[in-house]
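One structure is given below, encoded as structure tokens.
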There are 2 protein chains.
Amino acid sequence: MADESQKWVLMVTAQTPTNIAVIKYWGKRDEKLILPVNDSISVTLDPAHLCTTTTVSVSPTFDQDRMWLNGEEISISGGRFQSCLREIRSRATDVDDKEKGIKITKKDWEKLHVHISSYNNFPTAAGLASSAAGFACLVFALGKLMNVKEDHSQLSAIARQGSGSACRSLYGGFVKWIMGKDDKGTDSLAVQLADEKHWDELVIVIAVVSSRQKETSSTTGMRDTVETSLLLQHRAKEVVPKRILKMEEAIKNRDFSSFAQLTCTDSNQFHAVCLDTCPPIFYMNDTSHRQAPIISLVEKWNRAEGTPQVAYTFDAGPNAVLIARNRKTAALLIQKLLFCFPPNSDADLNSFVLGDKSILKDAGVESPEDIETLPPPPEIKDPSQKFRGDVSYFICTRPGRGPVVLSDESHLLNPETGLPK
Amino acid sequence: MADESQKWVLMVTAQTPTNIAVIKYWGKRDEKLILPVNDSISVTLDPAHLCTTTTVSVSPTFDQDRMWLNGEEISISGGRFQSCLREIRSRATDVDDKEKGIKITKKDWEKLHVHISSYNNFPTAAGLASSAAGFACLVFALGKLMNVKEDHSQLSAIARQGSGSACRSLYGGFVKWIMGKDDKGTDSLAVQLADEKHWDELVIVIAVVSSRQKETSSTTGMRDTVETSLLLQHRAKEVVPKRILKMEEAIKNRDFSSFAQLTCTDSNQFHAVCLDTCPPIFYMNDTSHRQAPIISLVEKWNRAEGTPQVAYTFDAGPNAVLIARNRKTAALLIQKLLFCFPPNSDADLNSFVLGDKSILKDAGVESPEDIETLPPPPEIKDPSQKFRGDVSYFICTRPGRGPVVLSDESHLLNPETGLPK
């Protein structure tokens with residue numbers, strides 16, 4: 001074993017993306033192992049715009065497992081953290097860092113404690129899948145630190161136990177979470193359908209809206225739906241399996257029409273089973289001001305063009321995620337969105353449109369004044385009705401890569417002490 | 001035949017109630033005949049508070065069929081009016097009014113024209129099932145005028161061709177619309193499950209909210225749902241048949257707990273299939289301001305009491321219909337509702353709570369000032385958040401009787417000319 005008198009600290013920093021489901025995960029068949037009632041498919045979002053960075057470190061001087069999120073220490077005594085830590089520790093192998101003169105045996109890992117520091121490059125509570133990126137990053141980084149030999153799919157089955165959708169963040173591009181059959185969940189894991197270069201025309205615009213009321217947590221919501229909705233089982237058993245096959249085909253063939261149609265209808269069906277829950281769950285909870293105008297705009301635009309230009313999808317929260325078929329469409333989309341949802345007068349454009357700002361340039365919008373002179377979209381009936389301030393900000397992004405290890409300069413923990421910098 | 005030189009006018013005036021479905025009708029298997037994809041069950045509302053009054057008249061001097069609604073002449077050339085007129089005419093029999101010396105043979109009815117005048121004692125466009133009461137009253141009144149021998153059930157199959165839910169307004173109390181099997185719709189008709197005296201404790205409170213946007217018409221909405229929702233068929237074939245049996249039992253046994261649970265879940269499932277439609281239909285379109293707070297209040301109250309006190313149901317529009325288990329509960333309900341949805345400051349209580357105002361008295365509310373001193377309901381989190389003005393008015397009512405013929409003083413047409421008074 002490593003000499004405990006030595007004060008060495010070994011650390012790894014990794015970066016992991018978030019993802020947005022286009023065929024939704026809703027409902028668990030096993031609450032503890034987080035085994036879903038149906039397969040789901042997601043698009044990984046570019047970590048340049050939305051990602052979690054996590055540093056994991058080990059040292060004989062650490063006397064307990066500790067974690068900091070965005071600089072604040074948080075408890076990791078919960079079952080989900082403990083499951084991930086236990087599963088990854090049990091797969092640890094010998095580490096021999098000749099450069100630093102550190103040797104850790106498989107046996108040592110049972111006693112050694114870890115420090116974890118995690119940071120999201122986006123607001124944590126904004127409903128942007130921070131737990132998916134977070135658990136994926138935790139498991140991926142610990143896997144590297146502990147010299148775990150399992151591949152990304154096998155790691156995904158561990159991340160799944162932290163947060164179901166986290167398993168899909170182990171890959172870039174287009175990812176399927178296979179629900180699996182095994183009661184122990186060994187075959188409930190993610191596989192990559194295509195990498196991010198396969199379909200790199202797509203542009204993703206997220207409208208982040210502030211929620212006035214506390215949403216139902218997705219854990220509670222799913223449980224209620226599984227227990228009370230008479231439509232969920234039909235969705236899971238009859239509807240989703242066919243949609244998964246069609247969505248795989250659509251992604252393989254870069255068939256945007258099918259992709260968009262499946263994405264929109266599956267988002268709507270997910271919210272339908274939420275409403276079929278007792279008590280009903282309203283995630284799209286301010287439909288007249290926010291979600292319904294966006295849905296209506298996209299539906300009318302797509303119909304007018306004769307072929308879908310944009311897909312919409314809504315997760316368990318009020319944010320809209322819009323996927324445009326290409327950059328040109330994305331520029332038109334952002335024009336329409338900015339017309340309908342202009343910023344409050346004191347807003348600065350730079351903090352109102354985040355991410356890939358080149359889309360904004362393509363749209364000819366370089367100042368808040370440019371927003372005020374945008375033409376009314378033909379899709380809206382009453383151009384005088386604007387929803388000023390109802391969108392907090394937009395994020396422009398694209399399909400992105402999976403987890404990567406970052407260089408030593410990126411460490412979030414002090415390499416000497418293993419405490420947050 | 002009656003002597004055409006005579007200037008006689010024969011008329012009948014009838015009154016017919018509206019109804020509210022507690023197991024919903026949504027989706028037609030035949031658009032023209034209006035044959036539904038599932039059975040439905042409704043409660044007939046007291047015509048003292050919500051009803052249609054219709055005078056139908058015949059005279060050899062009339063040269064065409066004409067109709068007035070609330071005093072304005074309207075076209076009856078549409079297929080639905082024509083179907084009802086044709087079906088009822090084909091069943092006309094000899095009339096021999098000895099007192100007035102008028103004889104009309106079965107054959108005469110083919111050539112005679114009718115004048116119709118109809119009046120709703122509630123706002124027509126407020127989403128309060130005016131077409132159900134209207135077509136039921138038209139068919140019932142014409143049946144009386146033309147001495148049609150068919151019973152209410154057979155008349156309901158005619159009214160159904162005017163507006164599906166109209167068939168349920170041919171009876172008072174608790175009514176089932178049997179979907180039927182026949183392609184021609186002869187067996188798609190209403191039957192009475194129990195009359196209004198069977199369960200006369202129930203109190204019904206309707207919150208009428210002004211809608212900011214045009215709703216999707218239910219004809220278009222149903223068609224879209226039938227064509228695109230993958231959940232509707234499951235609802236129609238698997239879910240509703242079981243619910244119908246349970247609802248019949250609940251009504252038979254005056255089992256309010258089951259009645260309320262079935263009513264609420266079926267309303268939510270109806271809105272779920274609307275959301276599962278492409279494009280999605282949002283009838284509960286301002287959920288954060290209106291419907292969701294009402295649903296949340298009722299759900300919390302019911303949970304706190306351990307047994308349901310109130311059921312909620314929403315039709316193809318934003319109005320809430322609340323059914324309280326008895327008068328005492330109704331008084332509590334109206335207190336809670338008035339606290340959350342107080343009238344605008346200039347409102348007069350008399351025009352803010354309509355119908356059976358004794359409920360208001362039971363609630364101890366006799367002036368707008370009394371509303372301001374109501375205690376905050378324990379079900380709401382933030383008592384400072386009131387939705388002032390979001391409910392246009394409340395109607396307090398109860399289960400009510402079916403169609404009746406009114407006396408001659410009630411005629412809406414001039415007995416000499418057959419034109420509106």
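Residue names in the structure tokens use chain letters A, B, ... in the order shown, residue numbers from 1 in each chain, and ligand numbers from 1 in the order shown.
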
Within 10 Å of chain A, which residues belong to chain B? Use only C-alpha atoms and report them as a short mmCIF file (atom, residue, chain, number, x, y, z; two decimals) with N, CA and C atoms, in the first residue's frame.
```cif
data_model
loop_
_atom_site.label_atom_id
_atom_site.label_comp_id
_atom_site.auth_asym_id
_atom_site.auth_seq_id
_atom_site.Cartn_x
_atom_site.Cartn_y
_atom_site.Cartn_z
N ARG B 212 -58.59 34.32 -23.00
CA ARG B 212 -57.90 35.35 -23.78
C ARG B 212 -57.72 34.93 -25.23
N GLN B 213 -57.68 33.63 -25.45
CA GLN B 213 -57.45 33.19 -26.82
C GLN B 213 -58.57 32.27 -27.29
N THR B 228 -54.36 11.65 -34.71
CA THR B 228 -52.94 11.69 -34.35
C THR B 228 -52.58 11.12 -32.98
N SER B 229 -53.52 11.07 -32.04
CA SER B 229 -53.11 10.61 -30.70
C SER B 229 -52.99 9.10 -30.65
N LEU B 230 -51.85 8.65 -30.15
CA LEU B 230 -51.64 7.21 -29.99
C LEU B 230 -52.19 6.72 -28.65
N LEU B 231 -52.63 7.66 -27.81
CA LEU B 231 -53.18 7.26 -26.51
C LEU B 231 -54.71 7.17 -26.53
N LEU B 232 -55.35 7.89 -27.50
CA LEU B 232 -56.82 7.94 -27.48
C LEU B 232 -57.46 6.57 -27.60
N HIS B 234 -56.36 3.70 -26.79
CA HIS B 234 -56.22 2.96 -25.53
C HIS B 234 -57.22 3.47 -24.49
N ARG B 235 -57.32 4.79 -24.41
CA ARG B 235 -58.32 5.37 -23.50
C ARG B 235 -59.72 4.85 -23.83
N GLU B 238 -59.76 0.64 -23.62
CA GLU B 238 -59.35 -0.05 -22.39
C GLU B 238 -59.74 0.68 -21.11
N VAL B 239 -59.57 2.01 -21.13
CA VAL B 239 -59.75 2.74 -19.87
C VAL B 239 -61.23 3.08 -19.62
N GLN B 261 -63.27 10.69 -7.50
CA GLN B 261 -61.99 10.20 -8.01
C GLN B 261 -62.09 9.92 -9.52
N CYS B 264 -62.43 13.38 -11.53
CA CYS B 264 -61.18 14.14 -11.66
C CYS B 264 -60.20 13.44 -12.61
N THR B 265 -60.03 12.13 -12.43
CA THR B 265 -59.03 11.45 -13.26
C THR B 265 -59.49 11.42 -14.72
N ASP B 266 -60.80 11.33 -14.94
CA ASP B 266 -61.23 11.31 -16.34
C ASP B 266 -61.10 12.68 -17.00
N SER B 267 -61.33 13.73 -16.25
CA SER B 267 -61.10 15.07 -16.79
C SER B 267 -59.63 15.23 -17.15
N ASN B 268 -58.76 14.83 -16.24
CA ASN B 268 -57.32 14.96 -16.52
C ASN B 268 -56.91 14.11 -17.73
N GLN B 269 -57.49 12.91 -17.86
CA GLN B 269 -57.11 12.07 -18.99
C GLN B 269 -57.60 12.66 -20.32
N PHE B 270 -58.77 13.26 -20.28
CA PHE B 270 -59.26 13.93 -21.49
C PHE B 270 -58.26 15.03 -21.92
N HIS B 271 -57.81 15.84 -20.96
CA HIS B 271 -56.85 16.88 -21.33
C HIS B 271 -55.50 16.28 -21.72
N ALA B 272 -55.19 15.10 -21.17
CA ALA B 272 -53.96 14.42 -21.56
C ALA B 272 -54.02 14.00 -23.03
N VAL B 273 -55.12 13.44 -23.48
CA VAL B 273 -55.19 13.04 -24.90
C VAL B 273 -55.22 14.27 -25.81
N CYS B 274 -55.75 15.38 -25.30
CA CYS B 274 -55.68 16.63 -26.08
C CYS B 274 -54.21 17.05 -26.28
N LEU B 275 -53.42 16.89 -25.24
CA LEU B 275 -52.01 17.27 -25.32
C LEU B 275 -51.24 16.28 -26.18
N ASP B 276 -51.72 15.05 -26.26
CA ASP B 276 -51.07 14.01 -27.07
C ASP B 276 -51.46 14.14 -28.55
N THR B 277 -52.18 15.19 -28.87
CA THR B 277 -52.64 15.44 -30.24
C THR B 277 -51.61 16.27 -30.99
N CYS B 278 -51.56 16.11 -32.30
CA CYS B 278 -50.64 16.90 -33.09
C CYS B 278 -51.42 17.79 -34.07
N PRO B 279 -51.33 19.14 -33.98
CA PRO B 279 -50.64 19.89 -32.93
C PRO B 279 -51.38 19.76 -31.60
N PRO B 280 -50.64 19.89 -30.48
CA PRO B 280 -51.26 19.68 -29.17
C PRO B 280 -52.35 20.71 -28.88
N ILE B 281 -53.38 20.27 -28.17
CA ILE B 281 -54.49 21.16 -27.83
C ILE B 281 -54.42 21.48 -26.33
N PHE B 282 -54.38 22.75 -26.04
CA PHE B 282 -54.33 23.19 -24.64
C PHE B 282 -55.67 23.81 -24.29
N TYR B 283 -56.59 23.03 -23.75
CA TYR B 283 -57.83 23.67 -23.31
C TYR B 283 -57.65 24.31 -21.94
N MET B 284 -56.85 23.65 -21.11
CA MET B 284 -56.52 24.28 -19.84
C MET B 284 -55.31 25.16 -20.15
N ASN B 285 -55.60 26.33 -20.70
CA ASN B 285 -54.55 27.07 -21.38
C ASN B 285 -53.89 28.16 -20.55
N ASP B 286 -54.23 28.27 -19.31
CA ASP B 286 -53.57 29.28 -18.50
C ASP B 286 -53.41 28.67 -17.12
N THR B 287 -52.74 27.52 -17.17
CA THR B 287 -52.74 26.65 -15.99
C THR B 287 -52.16 27.31 -14.75
N SER B 288 -51.20 28.20 -14.92
CA SER B 288 -50.59 28.75 -13.71
C SER B 288 -51.52 29.73 -13.02
N HIS B 289 -52.42 30.37 -13.76
CA HIS B 289 -53.29 31.37 -13.15
C HIS B 289 -54.63 30.83 -12.71
N ARG B 290 -55.13 29.85 -13.40
CA ARG B 290 -56.53 29.50 -13.17
C ARG B 290 -56.72 28.04 -12.85
N ALA B 292 -54.71 25.29 -12.69
CA ALA B 292 -53.83 24.58 -11.75
C ALA B 292 -54.07 24.97 -10.30
N ILE B 295 -57.24 23.07 -9.25
CA ILE B 295 -56.96 21.63 -9.12
C ILE B 295 -56.14 21.38 -7.85
N SER B 296 -55.12 22.19 -7.65
CA SER B 296 -54.25 22.01 -6.50
C SER B 296 -55.03 22.19 -5.19
N VAL B 298 -58.25 21.75 -4.66
CA VAL B 298 -59.16 20.62 -4.46
C VAL B 298 -58.39 19.36 -4.06
N GLU B 299 -57.28 19.10 -4.76
CA GLU B 299 -56.49 17.90 -4.44
C GLU B 299 -55.98 17.94 -3.00
N LYS B 300 -55.49 19.10 -2.58
CA LYS B 300 -54.94 19.21 -1.21
C LYS B 300 -56.05 19.09 -0.17
#
```

Report the residues of range 8-245 of chain B whose backbone DSSP state falls under helix (DSSP H, G or I), written as a short mmCIF file (atom, residue, chain, number, x, y, z; two decimals) with C-alpha atoms, in the first residue's frame.
```cif
data_model
loop_
_atom_site.label_atom_id
_atom_site.label_comp_id
_atom_site.auth_asym_id
_atom_site.auth_seq_id
_atom_site.Cartn_x
_atom_site.Cartn_y
_atom_site.Cartn_z
CA GLY B 79 -75.72 19.84 -41.98
CA ARG B 80 -76.34 19.46 -38.27
CA PHE B 81 -79.53 21.53 -38.19
CA GLN B 82 -80.70 19.90 -41.39
CA SER B 83 -80.08 16.39 -40.02
CA CYS B 84 -82.16 17.15 -36.92
CA LEU B 85 -84.98 18.73 -38.94
CA ARG B 86 -85.05 15.90 -41.46
CA GLU B 87 -84.99 13.15 -38.83
CA ILE B 88 -87.70 14.69 -36.70
CA ARG B 89 -89.92 15.54 -39.72
CA SER B 90 -89.72 11.97 -40.93
CA ASP B 108 -98.57 17.73 -44.55
CA TRP B 109 -95.41 17.93 -42.41
CA GLU B 110 -93.27 17.30 -45.48
CA THR B 124 -73.86 31.64 -25.17
CA ALA B 125 -70.14 31.90 -25.84
CA ALA B 126 -68.98 31.22 -22.28
CA SER B 130 -75.10 25.90 -25.02
CA SER B 131 -75.13 23.72 -28.12
CA ALA B 132 -75.99 20.63 -26.03
CA ALA B 133 -79.00 22.33 -24.45
CA GLY B 134 -79.85 24.00 -27.74
CA PHE B 135 -80.05 20.93 -29.97
CA ALA B 136 -81.77 18.91 -27.24
CA CYS B 137 -84.40 21.63 -26.91
CA LEU B 138 -84.84 21.95 -30.67
CA VAL B 139 -85.44 18.23 -31.12
CA PHE B 140 -87.61 17.91 -28.01
CA ALA B 141 -89.80 20.90 -28.94
CA LEU B 142 -90.18 19.83 -32.57
CA GLY B 143 -91.06 16.33 -31.36
CA LYS B 144 -93.91 17.78 -29.32
CA LEU B 145 -95.08 20.07 -32.12
CA HIS B 152 -86.65 10.44 -25.01
CA SER B 153 -83.98 7.88 -25.82
CA GLN B 154 -84.98 7.77 -29.45
CA LEU B 155 -85.15 11.57 -29.56
CA SER B 156 -81.66 11.67 -28.03
CA ALA B 157 -80.31 9.80 -31.05
CA ILE B 158 -81.65 12.64 -33.21
CA ALA B 159 -80.32 15.42 -30.96
CA GLY B 164 -73.01 14.86 -29.64
CA SER B 165 -73.43 15.85 -26.01
CA ALA B 166 -76.95 17.17 -26.74
CA CYS B 167 -78.26 13.61 -26.49
CA ARG B 168 -77.45 13.65 -22.78
CA SER B 169 -79.68 16.70 -22.24
CA LEU B 170 -82.84 14.72 -23.00
CA SER B 218 -64.20 20.66 -30.23
CA THR B 219 -65.08 19.31 -33.69
CA THR B 220 -61.64 20.12 -35.04
CA GLY B 221 -59.93 19.11 -31.81
CA MET B 222 -61.61 15.70 -31.70
CA ARG B 223 -60.78 15.05 -35.32
CA ASP B 224 -57.12 15.90 -34.75
CA THR B 225 -57.02 13.70 -31.64
CA VAL B 226 -58.59 10.73 -33.44
CA GLU B 227 -56.14 11.13 -36.32
CA THR B 228 -52.94 11.69 -34.35
CA LEU B 232 -56.82 7.94 -27.48
CA GLN B 233 -57.60 4.44 -28.72
CA HIS B 234 -56.22 2.96 -25.53
CA ARG B 235 -58.32 5.37 -23.50
CA ALA B 236 -61.45 4.60 -25.53
CA LYS B 237 -61.05 0.83 -25.67
CA GLU B 238 -59.35 -0.05 -22.39
CA VAL B 239 -59.75 2.74 -19.87
CA VAL B 240 -63.22 4.21 -20.37
CA PRO B 241 -65.27 0.97 -20.45
CA LYS B 242 -64.02 0.09 -16.94
CA ARG B 243 -64.56 3.64 -15.70
CA ILE B 244 -68.12 3.68 -17.01
CA LEU B 245 -68.98 0.60 -14.96
#
```

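When only C-alpha atoms are used to compute distances to His115 in chain A, the closest of the residues A:Ile206, A:Ala324, A:Ile251, A:Leu413 turns out to be A:Leu413.
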
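Taking CA of Gln192 in chain A as the reference point, CA of Ile41 in chain A is found at 9.6 Å.
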
So which bits of range 27-216 of chain A end up strand (DSSP E or B) when you DSSP the backbone, as a short mmCIF file (atom, residue, chain, number, x, y, z; two decimals) with C-alpha atoms, in the first residue's frame?
```cif
data_model
loop_
_atom_site.label_atom_id
_atom_site.label_comp_id
_atom_site.auth_asym_id
_atom_site.auth_seq_id
_atom_site.Cartn_x
_atom_site.Cartn_y
_atom_site.Cartn_z
CA LYS A 28 -39.08 3.67 -13.35
CA ARG A 29 -39.70 -0.02 -12.98
CA ASP A 30 -37.15 -0.09 -10.13
CA LEU A 35 -34.46 1.12 -14.21
CA PRO A 36 -36.81 2.76 -16.68
CA SER A 40 -35.04 6.71 -24.47
CA ILE A 41 -32.92 8.64 -26.97
CA SER A 42 -31.07 11.89 -26.44
CA VAL A 43 -28.88 14.43 -28.14
CA THR A 44 -25.73 15.35 -26.26
CA LEU A 45 -25.26 19.12 -26.02
CA CYS A 51 -21.19 21.05 -19.12
CA THR A 52 -20.06 19.90 -15.72
CA THR A 53 -16.38 19.89 -14.79
CA THR A 54 -15.44 17.60 -11.92
CA THR A 55 -12.15 17.04 -10.16
CA VAL A 56 -11.82 13.86 -8.13
CA SER A 57 -8.84 13.29 -5.90
CA VAL A 58 -7.53 10.72 -3.51
CA SER A 59 -5.03 10.99 -0.70
CA ARG A 66 -16.33 14.90 0.67
CA MET A 67 -17.83 16.87 -2.20
CA TRP A 68 -18.19 20.49 -3.21
CA LEU A 69 -20.65 21.71 -5.84
CA GLU A 72 -20.20 24.83 -1.59
CA GLU A 73 -19.74 21.60 0.32
CA ILE A 74 -22.72 19.26 -0.14
CA VAL A 95 -2.67 2.39 -10.04
CA ASP A 96 1.02 2.89 -10.60
CA ASP A 97 1.93 6.53 -11.19
CA ILE A 102 2.41 6.66 -6.23
CA LYS A 103 1.20 3.09 -6.06
CA ILE A 104 -2.33 2.16 -5.10
CA HIS A 113 -11.31 8.44 0.70
CA VAL A 114 -11.98 10.84 -2.14
CA HIS A 115 -12.56 14.56 -2.46
CA ILE A 116 -14.77 15.73 -5.29
CA SER A 117 -15.32 19.20 -6.62
CA SER A 118 -17.85 19.85 -9.32
CA TYR A 119 -18.75 22.96 -11.25
CA ASN A 120 -21.49 23.64 -13.82
CA PHE A 174 -26.90 10.71 -30.36
CA VAL A 175 -27.38 8.25 -27.54
CA LYS A 176 -29.83 5.50 -26.68
CA TRP A 177 -30.50 4.36 -23.15
CA ILE A 178 -31.53 0.73 -23.49
CA LEU A 189 -27.15 1.24 -20.12
CA ALA A 190 -26.35 3.75 -22.82
CA VAL A 191 -25.02 3.14 -26.31
CA GLN A 192 -23.97 5.66 -28.90
CA LEU A 193 -26.16 5.72 -32.02
CA ALA A 194 -23.98 8.24 -33.88
CA VAL A 203 -28.54 23.92 -34.10
CA ILE A 204 -30.15 23.82 -30.66
CA VAL A 205 -31.71 26.89 -29.03
CA ILE A 206 -32.79 26.66 -25.40
CA ALA A 207 -35.24 29.22 -24.04
CA VAL A 208 -34.67 29.37 -20.29
#
```

Shell around range 382-395 of chain B at 10 Å using only C-alpha atoms, local window under 2 positions removed, as a PyMOL selection string: chain B and resi 49-50+122+204-211+289-290+293+319-321+334+337-345+347+349-357+375-380+397-398

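Counting from CA of Leu333 in chain A, the distance to CA of Tyr312 in chain A is 11.6 Å.
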
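Taking CA of Pro308 in chain A and CA of Trp26 in chain A as endpoints, the distance between them is 25.6 Å.
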